[in-house]
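K.L.:
Below is the file entry.tsv, which contains TSV, C-alpha atoms.
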chain	number	residue	atom	x	y	z
A	176	MET	CA	-23.23	-3.26	3.00
A	177	ARG	CA	-20.30	-4.19	0.78
A	178	LEU	CA	-17.03	-5.93	1.58
A	179	VAL	CA	-13.87	-4.21	0.30
A	180	ILE	CA	-10.37	-5.66	0.78
A	181	VAL	CA	-7.37	-3.32	0.90
A	182	THR	CA	-4.02	-5.06	0.70
A	183	ASP	CA	-0.32	-4.37	0.74
A	184	LEU	CA	1.75	-6.26	-1.85
A	185	ASP	CA	5.36	-7.22	-1.00
A	186	GLY	CA	5.37	-9.68	1.90
A	187	THR	CA	1.59	-9.90	1.82
A	188	LEU	CA	-0.07	-10.81	-1.48
A	189	LEU	CA	3.39	-11.18	-3.06
A	190	ASP	CA	6.36	-13.17	-1.80
A	191	PRO	CA	8.91	-10.66	-0.39
A	192	VAL	CA	11.82	-12.26	-2.27
A	193	THR	CA	10.43	-13.73	-5.50
A	194	TYR	CA	7.39	-11.38	-5.83
A	195	ALA	CA	5.29	-14.42	-6.81
A	196	ILE	CA	1.64	-14.80	-5.78
A	197	GLY	CA	1.89	-18.59	-5.49
A	198	PRO	CA	-0.24	-19.88	-2.57
A	199	ALA	CA	-2.51	-16.80	-2.68
A	200	MET	CA	-3.80	-17.50	-6.19
A	201	GLY	CA	-6.76	-19.64	-5.12
A	202	ALA	CA	-8.02	-17.06	-2.63
A	203	LEU	CA	-7.39	-14.28	-5.16
A	204	ARG	CA	-9.52	-16.08	-7.77
A	205	ARG	CA	-12.31	-16.45	-5.20
A	206	VAL	CA	-12.20	-12.70	-4.43
A	207	MET	CA	-12.49	-11.93	-8.13
A	208	ALA	CA	-15.28	-14.47	-8.70
A	209	LEU	CA	-17.30	-12.90	-5.90
A	210	ASP	CA	-16.70	-9.41	-7.35
A	211	VAL	CA	-15.24	-8.18	-4.07
A	212	PRO	CA	-13.29	-4.96	-4.69
A	213	LEU	CA	-9.61	-5.64	-4.06
A	214	VAL	CA	-7.68	-2.40	-3.60
A	215	LEU	CA	-3.92	-2.77	-3.94
A	216	ALA	CA	-2.20	-0.29	-1.60
A	217	SER	CA	1.56	-0.32	-1.90
A	218	SER	CA	4.77	1.67	-1.97
A	219	LYS	CA	5.01	0.58	-5.61
A	220	THR	CA	4.56	3.06	-8.45
A	221	ARG	CA	1.52	3.41	-10.66
A	222	ALA	CA	3.48	1.78	-13.49
A	223	GLU	CA	4.39	-1.23	-11.31
A	224	ILE	CA	0.84	-1.73	-10.05
A	225	ASP	CA	-0.59	-1.31	-13.54
A	226	ALA	CA	1.67	-4.11	-14.77
A	227	LEU	CA	0.64	-6.38	-11.88
A	228	ARG	CA	-3.07	-5.65	-12.37
A	229	ARG	CA	-2.85	-6.54	-16.05
A	230	ARG	CA	-1.04	-9.77	-15.21
A	231	ILE	CA	-3.65	-10.99	-12.72
A	232	GLY	CA	-6.72	-9.41	-14.34
A	233	LEU	CA	-7.67	-6.89	-11.67
A	234	SER	CA	-9.67	-3.71	-12.23
A	235	GLY	CA	-10.99	-1.02	-9.89
A	236	ALA	CA	-9.20	1.44	-7.61
A	237	PHE	CA	-5.66	1.20	-6.26
A	238	VAL	CA	-3.32	3.24	-4.03
A	239	VAL	CA	0.23	4.06	-5.12
A	240	GLU	CA	3.45	5.04	-3.36
A	241	ASN	CA	2.40	4.83	0.30
A	242	GLY	CA	-0.78	6.85	-0.15
A	243	GLY	CA	0.59	9.33	-2.68
A	244	ALA	CA	-2.49	8.94	-4.88
A	245	ILE	CA	-5.64	6.93	-5.50
A	246	VAL	CA	-6.18	5.82	-9.11
A	247	ALA	CA	-9.42	4.38	-10.52
A	248	PRO	CA	-11.09	3.84	-13.89
A	249	ALA	CA	-13.22	6.72	-15.14
A	250	GLY	CA	-16.76	6.24	-13.82
A	251	TYR	CA	-15.73	3.75	-11.11
A	252	PHE	CA	-16.72	6.34	-8.53
A	253	ASP	CA	-19.79	8.28	-9.62
A	254	THR	CA	-18.66	11.57	-8.13
A	255	PRO	CA	-14.88	11.76	-7.86
A	256	ALA	CA	-13.31	13.96	-5.22
A	257	SER	CA	-12.87	17.61	-6.05
A	258	GLY	CA	-9.47	18.20	-7.59
A	259	ALA	CA	-9.29	14.71	-9.11
A	260	ALA	CA	-7.46	14.77	-12.43
A	261	SER	CA	-8.74	12.68	-15.35
A	262	ALA	CA	-6.40	11.16	-17.94
A	263	ASP	CA	-6.15	7.93	-19.95
A	264	GLU	CA	-9.77	7.03	-19.12
A	265	ARG	CA	-8.95	7.09	-15.40
A	266	PHE	CA	-8.98	9.63	-12.62
A	267	THR	CA	-6.34	10.25	-10.00
A	268	VAL	CA	-6.82	11.77	-6.55
A	269	GLU	CA	-3.41	13.14	-5.61
A	270	LEU	CA	-2.75	13.15	-1.86
A	271	GLY	CA	1.05	13.49	-1.78
A	272	ARG	CA	3.61	16.09	-2.77
A	273	PRO	CA	5.39	15.97	-6.15
A	274	TYR	CA	8.36	13.63	-6.28
A	275	ALA	CA	10.85	16.35	-7.25
A	276	GLU	CA	9.97	18.29	-4.09
A	277	ILE	CA	10.45	15.23	-1.88
A	278	VAL	CA	13.84	14.44	-3.41
A	279	ASP	CA	14.98	18.06	-3.11
A	280	VAL	CA	14.06	18.23	0.58
A	281	LEU	CA	15.71	14.87	1.27
A	282	ARG	CA	18.99	15.97	-0.31
A	283	THR	CA	18.97	19.44	1.26
A	284	VAL	CA	18.33	18.11	4.76
A	285	ALA	CA	20.97	15.39	4.33
A	286	VAL	CA	23.59	18.03	3.55
A	287	ALA	CA	22.48	20.23	6.45
A	288	GLU	CA	22.59	17.31	8.91
A	289	GLN	CA	25.87	15.98	7.47
A	290	VAL	CA	24.55	12.51	6.73
A	291	THR	CA	24.78	10.41	3.57
A	292	VAL	CA	21.60	9.33	1.82
A	293	ILE	CA	21.18	7.18	-1.26
A	294	GLY	CA	17.76	7.00	-2.89
A	295	PHE	CA	16.20	5.67	-6.05
A	296	SER	CA	16.85	9.03	-7.70
A	297	ASP	CA	20.60	8.42	-7.20
A	298	MET	CA	20.52	4.83	-8.49
A	299	THR	CA	20.58	3.50	-12.02
A	300	VAL	CA	17.99	1.04	-13.29
A	301	ARG	CA	20.63	-1.69	-13.09
A	302	GLU	CA	21.46	-0.80	-9.46
A	303	VAL	CA	17.79	-0.86	-8.44
A	304	ALA	CA	17.36	-4.21	-10.19
A	305	ALA	CA	20.35	-5.74	-8.39
A	306	ASP	CA	19.43	-4.33	-4.98
A	307	CYS	CA	15.75	-5.32	-5.14
A	308	GLY	CA	16.00	-8.59	-7.05
A	309	LEU	CA	14.02	-7.18	-9.99
A	310	SER	CA	14.31	-7.57	-13.73
A	311	LEU	CA	15.61	-4.52	-15.57
A	312	MET	CA	12.09	-3.85	-16.89
A	313	ASP	CA	10.55	-4.03	-13.41
A	314	ALA	CA	13.32	-1.85	-11.99
A	315	GLN	CA	12.59	0.75	-14.64
A	316	LEU	CA	8.92	0.74	-13.59
A	317	ALA	CA	9.99	1.05	-9.94
A	318	LYS	CA	11.96	4.21	-10.75
A	319	MET	CA	8.94	5.91	-12.36
A	320	ARG	CA	8.10	7.63	-9.09
A	321	GLN	CA	5.69	10.51	-8.58
A	322	TYR	CA	5.29	11.00	-4.81
A	323	ASP	CA	7.60	8.81	-2.70
A	324	GLU	CA	11.41	8.35	-2.55
A	325	PRO	CA	12.80	5.04	-1.25
A	326	PHE	CA	16.16	5.70	0.39
A	327	ARG	CA	18.79	4.42	2.79
A	328	LEU	CA	20.62	6.46	5.39
A	329	LEU	CA	24.27	5.37	5.32
A	330	ASP	CA	26.80	5.34	8.17
A	331	ALA	CA	24.56	7.22	10.59
A	332	ASP	CA	24.27	6.42	14.28
A	333	VAL	CA	20.97	6.47	16.16
A	334	ALA	CA	21.32	10.10	17.23
A	335	ALA	CA	22.15	11.28	13.70
A	336	ARG	CA	19.21	9.35	12.28
A	337	SER	CA	16.88	10.89	14.86
A	338	ARG	CA	18.09	14.42	14.02
A	339	PHE	CA	17.73	13.74	10.31
A	340	LEU	CA	14.17	12.46	10.60
A	341	LYS	CA	13.18	15.37	12.83
A	342	ALA	CA	14.62	17.85	10.32
A	343	LEU	CA	12.64	16.18	7.54
A	344	ARG	CA	9.43	16.42	9.57
A	345	ASN	CA	10.09	20.12	10.07
A	346	GLN	CA	10.14	20.42	6.27
A	347	GLY	CA	6.83	18.58	5.89
A	348	VAL	CA	8.35	15.27	4.80
A	349	ARG	CA	7.41	12.06	6.59
A	350	VAL	CA	9.43	8.85	6.68
A	351	VAL	CA	7.96	5.36	6.92
A	352	SER	CA	9.89	2.10	6.98
A	353	GLY	CA	9.26	-0.42	4.22
A	354	GLY	CA	10.74	-3.84	3.65
A	355	ARG	CA	14.05	-2.80	2.07
A	356	TYR	CA	14.10	0.99	2.35
A	357	ASP	CA	12.85	3.94	4.28
A	358	HIS	CA	10.35	5.96	2.26
A	359	ALA	CA	10.15	9.76	2.24
A	360	THR	CA	6.68	11.10	1.46
A	361	GLY	CA	4.60	14.21	1.84
A	362	ASP	CA	1.97	14.59	4.55
A	363	THR	CA	0.11	11.44	3.57
A	364	ASP	CA	0.12	7.70	4.17
A	365	LYS	CA	-1.91	4.61	3.35
A	366	GLY	CA	-4.31	5.38	6.18
A	367	LYS	CA	-5.29	8.76	4.74
A	368	ALA	CA	-5.82	7.08	1.38
A	369	VAL	CA	-8.14	4.52	3.03
A	370	VAL	CA	-10.17	7.33	4.62
A	371	GLU	CA	-10.54	8.94	1.19
A	372	LEU	CA	-11.52	5.58	-0.33
A	373	ARG	CA	-14.29	5.16	2.22
A	374	THR	CA	-15.60	8.60	1.26
A	375	LEU	CA	-15.46	7.76	-2.44
A	376	PHE	CA	-17.46	4.56	-1.94
A	377	ALA	CA	-19.99	6.47	0.17
A	378	ARG	CA	-20.45	8.99	-2.64
A	379	ARG	CA	-21.65	6.21	-4.88
A	380	GLY	CA	-24.12	5.17	-2.21
A	381	GLU	CA	-22.28	2.19	-0.77
A	382	ARG	CA	-21.65	1.48	2.88
A	383	VAL	CA	-18.53	-0.63	3.11
A	384	VAL	CA	-16.71	-2.88	5.54
A	385	LEU	CA	-13.00	-2.43	4.90
A	386	VAL	CA	-10.63	-5.31	5.56
A	387	GLY	CA	-6.93	-4.39	5.48
A	388	LEU	CA	-3.92	-6.70	5.15
A	389	GLY	CA	-0.31	-5.64	5.68
A	390	ASP	CA	2.98	-6.89	7.03
A	391	GLY	CA	5.21	-3.82	7.48
A	392	LEU	CA	5.41	-0.66	9.54
A	393	ASN	CA	4.35	1.42	6.53
A	394	ASP	CA	1.03	-0.47	6.74
A	395	MET	CA	0.26	0.67	10.29
A	396	SER	CA	-1.84	3.70	9.33
A	397	MET	CA	-3.84	1.57	6.87
A	398	LEU	CA	-4.51	-1.11	9.47
A	399	ARG	CA	-5.70	1.54	11.91
A	400	ALA	CA	-8.07	3.05	9.30
A	401	VAL	CA	-9.88	-0.15	8.24
A	402	ASP	CA	-12.68	-1.97	10.07
A	403	ARG	CA	-10.97	-5.36	10.19
A	404	PRO	CA	-7.15	-5.21	10.30
A	405	VAL	CA	-5.05	-8.28	9.53
A	406	ILE	CA	-1.30	-8.52	10.08
A	407	VAL	CA	0.28	-11.00	7.70
A	408	ARG	CA	3.07	-12.55	9.71
A	409	ASN	CA	6.57	-11.38	8.83
A	410	ASP	CA	9.15	-13.29	10.86
A	411	MET	CA	12.15	-11.76	9.08
A	412	SER	CA	11.66	-8.06	9.81
A	413	GLY	CA	10.40	-8.14	13.38
A	414	ALA	CA	7.57	-5.87	12.28
A	415	THR	CA	4.82	-8.26	13.35
A	416	ALA	CA	5.26	-7.71	17.09
A	417	ARG	CA	5.60	-3.95	16.66
A	418	LEU	CA	2.51	-3.77	14.47
A	419	ALA	CA	0.54	-5.88	16.96
A	420	ARG	CA	1.36	-3.41	19.73
A	421	LYS	CA	0.29	-0.47	17.56
A	422	VAL	CA	-2.86	-2.18	16.22
A	423	PRO	CA	-4.02	-4.43	19.08
A	424	THR	CA	-7.33	-5.26	17.38
A	425	ALA	CA	-5.56	-6.85	14.41
A	426	ARG	CA	-5.68	-10.55	13.70
A	427	ILE	CA	-2.25	-12.10	13.04
A	428	THR	CA	-1.97	-14.91	10.50
A	429	ARG	CA	-0.22	-18.16	11.30
A	430	ALA	CA	1.58	-18.28	7.96
A	431	SER	CA	3.59	-15.52	6.29
A	432	GLY	CA	3.58	-13.99	2.81
A	433	PRO	CA	1.05	-15.16	0.21
A	434	GLU	CA	0.20	-18.24	2.28
A	435	GLY	CA	-0.76	-16.02	5.20
A	436	TRP	CA	-2.68	-13.72	2.83
A	437	ALA	CA	-4.69	-16.68	1.53
A	438	GLU	CA	-5.34	-17.87	5.10
A	439	ALA	CA	-6.73	-14.49	6.13
A	440	VAL	CA	-8.76	-13.76	2.99
A	441	THR	CA	-10.31	-17.24	3.00
A	442	ALA	CA	-11.42	-16.75	6.61
A	443	VAL	CA	-12.85	-13.30	5.83
A	444	LEU	CA	-14.84	-14.57	2.83
A	445	ASP	CA	-16.11	-17.60	4.75
A	446	GLN	CA	-17.32	-15.41	7.63
A	447	TRP	CA	-18.87	-12.88	5.28
A	448	GLN	CA	-20.82	-15.44	3.29
A	449	ASP	CA	-21.86	-17.38	6.39
A	450	ALA	CA	-23.38	-14.15	7.74
A	451	ALA	CA	-25.60	-14.08	4.61
A	452	ILE	CA	-24.51	-10.56	3.68
A	453	PRO	CA	-24.09	-9.86	-0.03
A	454	VAL	CA	-20.43	-9.46	-0.92
A	455	ALA	CA	-21.30	-7.48	-4.01
A	456	GLY	CA	-24.83	-6.19	-3.71
A	457	GLY	CA	-26.69	-9.48	-4.18
A	458	SER	CA	-30.09	-10.39	-2.77
A	459	SER	CA	-29.03	-12.01	0.52
A	460	ARG	CA	-30.33	-10.42	3.68
A	461	GLU	CA	-28.15	-7.98	5.61
A	462	ARG	CA	-27.13	-8.42	9.21
A	463	THR	CA	-29.61	-6.77	11.58
Let me see the file written as structure tokens.
P.N.:
Amino acid sequence: MRLVIVTDLDGTLLDPVTYAIGPAMGALRRVMALDVPLVLASSKTRAEIDALRRRIGLSGAFVVENGGAIVAPAGYFDTPASGAASADERFTVELGRPYAEIVDVLRTVAVAEQVTVIGFSDMTVREVAADCGLSLMDAQLAKMRQYDEPFRLLDADVAARSRFLKALRNQGVRVVSGGRYDHATGDTDKGKAVVELRTLFARRGERVVLVGLGDGLNDMSMLRAVDRPVIVRNDMSGATARLARKVPTARITRASGPEGWAEAVTAVLDQWQDAAIPVAGGSSRERT
């Protein structure tokens, strides 16, 4: 049995305002020292997550753009899923629809429903940087989207929003709420990506216990798909109470952001090691 941690980024491992890891660094180093797979699962793009992984020294699989795709080094999974595309010494399992299709549907439905939408495709790099508190370089990485369009619905009342979202669903486009934006995606989410990850680990002969950490409504499907869900407290958005109702088995951290992430991961690692189960295929006995 192997422990695998799947985590959201903004508001969880990363501070939602500064994007710093800060208080989570000690727990993150412990995860890496124990060789516990840490799967980043975010609304961020492949380019953004690649930059973060290089900065903190992570390797292994990760999930981009709210479940749009799973990316892993070549050979990380012995038998990749059928249809996985290999490039740049990595393979990608695409689960979402192409970005251009998502944007086209979003704009077409907005016109039909007579609502105003502004998405990343409408914004300049400088506008994304200012709105999200990013550097120009990071904003450019955030605009390199392949599966998911962050957007805002402007000047729409509750009824208009409901009609708009229903019309999108009828066109095969789902909407999940993130920290700053709604996100339009194909028929996928983080939960479907987690299910595929479990299958990929099984194909290389590993039974896994999946721990999931998230703080927003776009993490709900992921938290429902893992074995041990953790809600990292988010007092600003009001998402914590809503997530707790949707995922009643989840543990809720006392602290928020990276401090809450460290609290939860430390507890998970302590419990796992106390149970004398190998975190990475060592010689300790397994639970009977």
K.L.:
Find the residues with any atom within 7 Å of (0.2, -5.3, 0.6); use only C-alpha atoms and the coordinates as given in the file, and write the answer as a list in words.
P.N.:
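With a cut-off of 7 Å, the residues come to Thr182, Asp183, Leu184, Asp185, Gly186, Thr187, Leu188, Leu215, Ala216, Ser217, Leu388 and Gly389 of chain A.
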K.L.:
Once you add 5 Å to each side, what are the centre and edge lengths of the axis-aligned box holding all listed atoms of range 371-383 of chain A? One decimal in Å, as lines of an AutoDock Vina configuration file, if you can.
P.N.:
center_x = -17.3
center_y = 4.2
center_z = -0.9
size_x = 23.6
size_y = 19.6
size_z = 18.0
K.L.:
Between CA of Leu418 in chain A and CA of Ala195 in chain A, what is the distance, to one decimal in Å?
P.N.:
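So the answer is 24.0 Å.
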K.L.:
What is the CA of Gly243 in chain A-CA of Arg272 in chain A distance in Å, reported with one decimal?
P.N.:
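CA of Arg272 in chain A lies at a distance of 7.4 Å from CA of Gly243 in chain A.
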K.L.:
Report, in Å to a single decimal, how far apart CA of Gly250 in chain A and CA of Arg265 in chain A are.
P.N.:
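We find that CA of Arg265 in chain A and CA of Gly250 in chain A lie 8.0 Å from each other.
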K.L.:
Need to verify the contact set: range 345-347 of chain A, 9 Å, only C-alpha atoms, exclusion of same-chain residues closer than 4 positions in sequence. Can you return it as a compact mmCIF listing (two decimals) with C-alpha atoms, keeping the file's coordinate frame?
P.N.:
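Contents of the output file around_30.txt:
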# COMPACT_ATOMS: atom_id res chain seq x y z
CA VAL A 280 14.06 18.23 0.58
CA VAL A 284 18.33 18.11 4.76
CA LEU A 340 14.17 12.46 10.60
CA LYS A 341 13.18 15.37 12.83
CA THR A 360 6.68 11.10 1.46
CA GLY A 361 4.60 14.21 1.84
CA ASP A 362 1.97 14.59 4.55
K.L.:
Counting all atoms listed in the file, which residues of range 293-331 of chain A fall within 12 Å of range 190-193 of chain A, and what is the closest atom pair for each with its distance in Å at one decimal, ordered by chain and rising number, as CSV?
P.N.:
residue,atom,partner,partner_atom,distance
A:Asp306,CA,A:Val192,CA,11.3
A:Cys307,CA,A:Val192,CA,8.5
A:Gly308,CA,A:Val192,CA,7.3
A:Leu309,CA,A:Thr193,CA,8.7
A:Ser310,CA,A:Thr193,CA,11.0
K.L.:
Would you give me, as a Markdown table, each residue of range 190-233 of chain A having an atom within 8 Å of an atom of range 435-442 of chain A, along with its shortest atom pair and that distance in Å to one decimal, using all atoms listed in the file and sorting by chain and residue number?
P.N.:
| residue | atom | partner | partner_atom | distance |
| --- | --- | --- | --- | --- |
| A:Pro198 | CA | A:Ala437 | CA | 6.8 |
| A:Ala199 | CA | A:Ala437 | CA | 4.7 |
| A:Met200 | CA | A:Ala437 | CA | 7.8 |
| A:Gly201 | CA | A:Ala437 | CA | 7.6 |
| A:Ala202 | CA | A:Ala437 | CA | 5.3 |
| A:Leu203 | CA | A:Ala437 | CA | 7.6 |
K.L.:
Would you please work out which residue, of A:Ala334, A:Ala419, A:Met207, A:Ala377, is nearest to Asp394 in chain A when using all atoms listed in the file?
P.N.:
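Nearest to Asp394 in chain A: A:Ala419.
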K.L.:
Which residues, protein or nucleic acid, reach to within 12 Å of (9.4, -13.8, 12.1) in the file's coordinates when using all atoms listed in the file, and can you give that as a list in words?
P.N.:
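Every polymer residue passing the test: Gly186, Asp390, Gly391, Val407, Arg408, Asn409, Asp410, Met411, Ser412, Gly413, Ala414, Thr415, Ala416, Arg417, Ile427, Thr428, Arg429, Ala430, Ser431 and Gly432 of chain A.
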K.L.:
How would the residues just chosen look if you wrote them out with C-alpha atoms as a PDB file, in the coordinates of the input?
P.N.:
ATOM      1  CA  GLY A 186       5.370  -9.680   1.900  1.00  0.00           C
ATOM      2  CA  ASP A 390       2.980  -6.890   7.030  1.00  0.00           C
ATOM      3  CA  GLY A 391       5.210  -3.820   7.480  1.00  0.00           C
ATOM      4  CA  VAL A 407       0.280 -11.000   7.700  1.00  0.00           C
ATOM      5  CA  ARG A 408       3.070 -12.550   9.710  1.00  0.00           C
ATOM      6  CA  ASN A 409       6.570 -11.380   8.830  1.00  0.00           C
ATOM      7  CA  ASP A 410       9.150 -13.290  10.860  1.00  0.00           C
ATOM      8  CA  MET A 411      12.150 -11.760   9.080  1.00  0.00           C
ATOM      9  CA  SER A 412      11.660  -8.060   9.810  1.00  0.00           C
ATOM     10  CA  GLY A 413      10.400  -8.140  13.380  1.00  0.00           C
ATOM     11  CA  ALA A 414       7.570  -5.870  12.280  1.00  0.00           C
ATOM     12  CA  THR A 415       4.820  -8.260  13.350  1.00  0.00           C
ATOM     13  CA  ALA A 416       5.260  -7.710  17.090  1.00  0.00           C
ATOM     14  CA  ARG A 417       5.600  -3.950  16.660  1.00  0.00           C
ATOM     15  CA  ILE A 427      -2.250 -12.100  13.040  1.00  0.00           C
ATOM     16  CA  THR A 428      -1.970 -14.910  10.500  1.00  0.00           C
ATOM     17  CA  ARG A 429      -0.220 -18.160  11.300  1.00  0.00           C
ATOM     18  CA  ALA A 430       1.580 -18.280   7.960  1.00  0.00           C
ATOM     19  CA  SER A 431       3.590 -15.520   6.290  1.00  0.00           C
ATOM     20  CA  GLY A 432       3.580 -13.990   2.810  1.00  0.00           C
TER      21      GLY A 432
END
K.L.:
My list of candidates is A:Val211, A:Tyr356, A:Gly232, A:Ile293. Which is closest to Met176 in chain A when distances are computed with all atoms listed in the file?
P.N.:
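Checking each candidate against Met176 in chain A, we get A:Val211 as the closest.
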K.L.:
With all atoms listed in the file as the atoms that count, which of A:Ala335, A:Val214, A:Met298, A:Ala400 lies nearest to Ala317 in chain A?
P.N.:
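Going through A:Ala335, A:Val214, A:Met298, A:Ala400 one by one, the smallest distance to Ala317 in chain A is for A:Met298.
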K.L.:
Identify which of the residues A:Pro248, A:Pro433, A:Gly271, A:Gly242 lies closest to Asn393 in chain A, counting only C-alpha atoms when measuring atom-to-atom distances.
P.N.:
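Of A:Pro248, A:Pro433, A:Gly271, A:Gly242, the one nearest Asn393 in chain A is A:Gly242, counting only C-alpha atoms.
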K.L.:
Counting all atoms listed in the file, what is within 9 Å of Thr424 in chain A, bar same-chain residues fewer than 4 positions away, as a ChimeraX atom specification?
P.N.:
/A:399,403-405,419
K.L.:
Based on the selection just made, write C-alpha atoms of those residues as a CSV table (one decimal), in the frame of the given file.
P.N.:
chain,number,residue,atom,x,y,z
A,399,ARG,CA,-5.7,1.5,11.9
A,403,ARG,CA,-11.0,-5.4,10.2
A,404,PRO,CA,-7.2,-5.2,10.3
A,405,VAL,CA,-5.0,-8.3,9.5
A,419,ALA,CA,0.5,-5.9,17.0
K.L.:
So, with only C-alpha atoms as the atoms that count, which of A:Val386, A:Leu270, A:Ala287, A:Leu328 lies closest to Lys365 in chain A?
P.N.:
A:Leu270
K.L.:
I'd like to know which of A:Glu381, A:Asp449, A:Glu434, A:Asp364 is closest to Leu178 in chain A, using all atoms listed in the file.
P.N.:
A:Glu381
